[in-house]
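These notes are about the structure you will find just below.
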Amino acid sequence: MSELDFNNVGDWPQRARIVFCVLVGLFIAVMAWLLLIGDKREALGELERQEAQLRAEFERQQTRAVNLQPLRRQLAQMEKVLQQMLRQLPSKTEMSDLIIDISQTSLSSGLANELFQPGAELPKEFYAERPIALRMVGSYHQFGAFVSGVASLPRVVILTMHDIDLKPKDAKAGVTQRGTLELSGTVKTYRYLDDEEMAEQEKATAEAEKRQGRP
């Protein structure tokens with residue numbers, strides 16, 4: 001091989017030329033693999049990783065899709081139960097009578113209504129609340145009888161207390177079972193919205209969201 005002239009490969013013996021061509025071919029093949037196939041393998045590896053991620057995401061979405069229908073049925077049942085519970089609240093036509101019943105219950109319990117003033121009704125998403133400013137005076141047992149009397153009214157009555165202050169009428173006597181107490185503040189009672197009111201409420205909500213630029 002040391003006698004071979006690389007400047008005149010054509011004069012080499014046939015065996016030497018074959019070996020030389022084979023070596024050149026191998027060199028070209030290796031370079032092609034490094035330059036072309038190597039990059040493709042990296043791209044292939046990235047695609048395989050993306051495929052694994054997409055497959056995992058598909059399996060998660062498929063699991064959600066399988067559970068979606070039972071969840072929808074459960075949601076429909078919960079909405080039905082909620083509507084049934086709301087229907088147990090007073091209606092629009094019953095609200096005035098209910099407020100009178102609450103006032104009469106306090107009087108029949110022996111409480112003195114120094115203030116009992118219903119405020120303006122405030123509609124919410126699916127119900128309406130009515131605040132009542134009050135100031136009642138009576139004994140510990142009379143307040144207990146009032147609470148019991150409200151709970152026994154024919155309709156479900158929900159009273160929530162806001163800024164309530166309960167204190168002894170005579171500051172020196174303190175809070176005792178026989179002492180006179182004064183309760184002042186605001187309570188709120190609630191009623192359900194009928195279908196027409198619900199439609200108006202949904203329309204008002206949609207218009208408000210539209211004004212705020214929501215889709």
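Please note that chains go A, B, ... in the order of the structure tokens, that every chain numbers its residues from 1, and that ligands are numbered from 1 in the order shown.
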*asked:* I'd like to know which residues of chain A are strand (DSSP E) (by DSSP, run on the backbone); could you write them as a count of residues only?
replied: 44
*Can you check which residues of stretch 18-163 of chain A DSSP gives as alpha helix (DSSP H) on the backbone and send them as a ChimeraX atom specification?*
/A:18-32,38-87,95-108,140-151
What's around A:Ala133 at 6 Å? Count only C-alpha atoms, leave out sequence neighbours fewer than 4 positions away in its own chain, and write the answer as a short mmCIF file (atom, residue, chain, number, x, y, z; two decimals) with C-alpha atoms, in the first residue's frame.
```
data_model
loop_
_atom_site.label_atom_id
_atom_site.label_comp_id
_atom_site.auth_asym_id
_atom_site.auth_seq_id
_atom_site.Cartn_x
_atom_site.Cartn_y
_atom_site.Cartn_z
CA PHE A 116 -90.11 46.36 63.10
CA GLN A 117 -89.47 47.92 59.70
CA GLY A 185 -80.16 45.06 64.30
CA THR A 186 -81.26 43.63 60.97
#
```
*May I ask for the distance between atom CA of A:Leu89 and atom CA of A:Ala76, given in Å to one decimal place?*
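Those two atoms sit 20.6 Å apart.
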*Distance of atom CA of A:Phe146 from atom CA of A:Pro123, expressed in Å to one decimal place*: 27.0 Å
*May I have the residues within 12 Å of A:Asp163 as a list of chain:residue names, using only C-alpha atoms and disregarding those fewer than 5 positions away in the same chain?*
A:Pro131, A:Ile132, A:Ala133, A:Leu134, A:Arg135, A:Leu183, A:Ser184, A:Gly185, A:Thr186, A:Val187, A:Lys188
_Long-range neighbours of A:Met136 as a VMD selection string, 9 Å cut-off, only C-alpha atoms, 2 positions minimum in chain_ = chain A and resid 106 111 to 116 134 138 143 181 to 184
How would the residues just chosen look if you wrote them out with all heavy atoms as a tab-separated table (two decimals), in the first residue's frame?
```tsv
chain	number	residue	atom	x	y	z
A	106	SER	N	-93.75	37.47	67.31
A	106	SER	CA	-92.97	38.17	68.34
A	106	SER	C	-93.89	38.74	69.42
A	106	SER	O	-93.59	38.66	70.62
A	106	SER	CB	-92.13	39.28	67.71
A	106	SER	OG	-92.96	40.30	67.19
A	111	LEU	N	-92.86	39.64	73.40
A	111	LEU	CA	-91.83	40.65	73.12
A	111	LEU	C	-92.49	41.98	72.76
A	111	LEU	O	-93.59	42.02	72.21
A	111	LEU	CB	-90.95	40.19	71.94
A	111	LEU	CG	-90.12	38.92	72.17
A	111	LEU	CD1	-89.42	38.52	70.88
A	111	LEU	CD2	-89.09	39.13	73.28
A	112	ALA	N	-91.80	43.04	73.07
A	112	ALA	CA	-92.26	44.39	72.70
A	112	ALA	C	-91.49	44.81	71.45
A	112	ALA	O	-90.26	44.90	71.48
A	112	ALA	CB	-92.02	45.36	73.84
A	113	ASN	N	-92.23	45.07	70.37
A	113	ASN	CA	-91.61	45.51	69.13
A	113	ASN	C	-91.46	47.03	69.12
A	113	ASN	O	-92.36	47.76	68.75
A	113	ASN	CB	-92.46	45.08	67.92
A	113	ASN	CG	-92.33	43.60	67.62
A	113	ASN	OD1	-91.38	42.96	68.06
A	113	ASN	ND2	-93.28	43.06	66.89
A	114	GLU	N	-90.31	47.50	69.55
A	114	GLU	CA	-90.07	48.93	69.50
A	114	GLU	C	-89.77	49.39	68.08
A	114	GLU	O	-89.98	50.54	67.73
A	114	GLU	CB	-88.90	49.29	70.43
A	114	GLU	CG	-89.22	49.02	71.91
A	114	GLU	CD	-88.12	49.50	72.82
A	114	GLU	OE1	-87.03	49.88	72.30
A	114	GLU	OE2	-88.32	49.50	74.05
A	115	LEU	N	-89.28	48.46	67.25
A	115	LEU	CA	-89.03	48.76	65.83
A	115	LEU	C	-89.16	47.46	65.04
A	115	LEU	O	-88.57	46.45	65.39
A	115	LEU	CB	-87.63	49.35	65.63
A	115	LEU	CG	-87.20	49.60	64.17
A	115	LEU	CD1	-88.07	50.69	63.54
A	115	LEU	CD2	-85.73	49.98	64.09
A	116	PHE	N	-89.98	47.51	64.00
A	116	PHE	CA	-90.11	46.36	63.10
A	116	PHE	C	-90.40	46.95	61.72
A	116	PHE	O	-91.55	47.20	61.37
A	116	PHE	CB	-91.25	45.43	63.55
A	116	PHE	CG	-91.27	44.11	62.82
A	116	PHE	CD1	-90.56	43.03	63.32
A	116	PHE	CD2	-91.97	43.96	61.63
A	116	PHE	CE1	-90.58	41.80	62.65
A	116	PHE	CE2	-91.99	42.76	60.97
A	116	PHE	CZ	-91.29	41.67	61.48
A	134	LEU	N	-85.07	45.84	63.14
A	134	LEU	CA	-85.92	45.60	64.32
A	134	LEU	C	-85.21	45.95	65.61
A	134	LEU	O	-83.99	46.03	65.69
A	134	LEU	CB	-86.41	44.15	64.34
A	134	LEU	CG	-85.38	43.02	64.18
A	134	LEU	CD1	-84.63	42.78	65.46
A	134	LEU	CD2	-86.06	41.75	63.72
A	138	GLY	N	-87.53	42.03	75.61
A	138	GLY	CA	-88.22	40.93	76.29
A	138	GLY	C	-87.24	40.13	77.11
A	138	GLY	O	-86.06	40.46	77.22
A	143	PHE	N	-87.65	35.44	74.07
A	143	PHE	CA	-86.90	35.33	72.81
A	143	PHE	C	-86.85	33.88	72.34
A	143	PHE	O	-86.94	33.59	71.14
A	143	PHE	CB	-85.48	35.88	72.98
A	143	PHE	CG	-85.40	37.38	72.84
A	143	PHE	CD1	-85.16	38.18	73.96
A	143	PHE	CD2	-85.57	37.99	71.61
A	143	PHE	CE1	-85.09	39.56	73.84
A	143	PHE	CE2	-85.50	39.38	71.49
A	143	PHE	CZ	-85.26	40.17	72.61
A	181	LEU	N	-84.06	41.91	78.13
A	181	LEU	CA	-83.03	42.05	77.10
A	181	LEU	C	-83.55	42.90	75.95
A	181	LEU	O	-84.76	42.96	75.69
A	181	LEU	CB	-82.62	40.68	76.56
A	181	LEU	CG	-82.13	39.65	77.59
A	181	LEU	CD1	-81.88	38.32	76.92
A	181	LEU	CD2	-80.88	40.15	78.28
A	182	GLU	N	-82.61	43.53	75.26
A	182	GLU	CA	-82.96	44.30	74.07
A	182	GLU	C	-82.15	43.76	72.89
A	182	GLU	O	-80.92	43.71	72.94
A	182	GLU	CB	-82.66	45.79	74.27
A	182	GLU	CG	-82.98	46.63	73.02
A	182	GLU	CD	-82.60	48.09	73.21
A	182	GLU	OE1	-83.42	48.85	73.72
A	182	GLU	OE2	-81.46	48.44	72.82
A	183	LEU	N	-82.85	43.37	71.84
A	183	LEU	CA	-82.21	42.88	70.63
A	183	LEU	C	-82.46	43.89	69.51
A	183	LEU	O	-83.61	44.23	69.23
A	183	LEU	CB	-82.76	41.51	70.24
A	183	LEU	CG	-82.11	40.82	69.02
A	183	LEU	CD1	-82.05	39.31	69.23
A	183	LEU	CD2	-82.89	41.12	67.74
A	184	SER	N	-81.39	44.36	68.90
A	184	SER	CA	-81.53	45.33	67.82
A	184	SER	C	-80.60	44.96	66.68
A	184	SER	O	-79.57	44.30	66.88
A	184	SER	CB	-81.22	46.75	68.32
A	184	SER	OG	-79.89	46.82	68.80
```
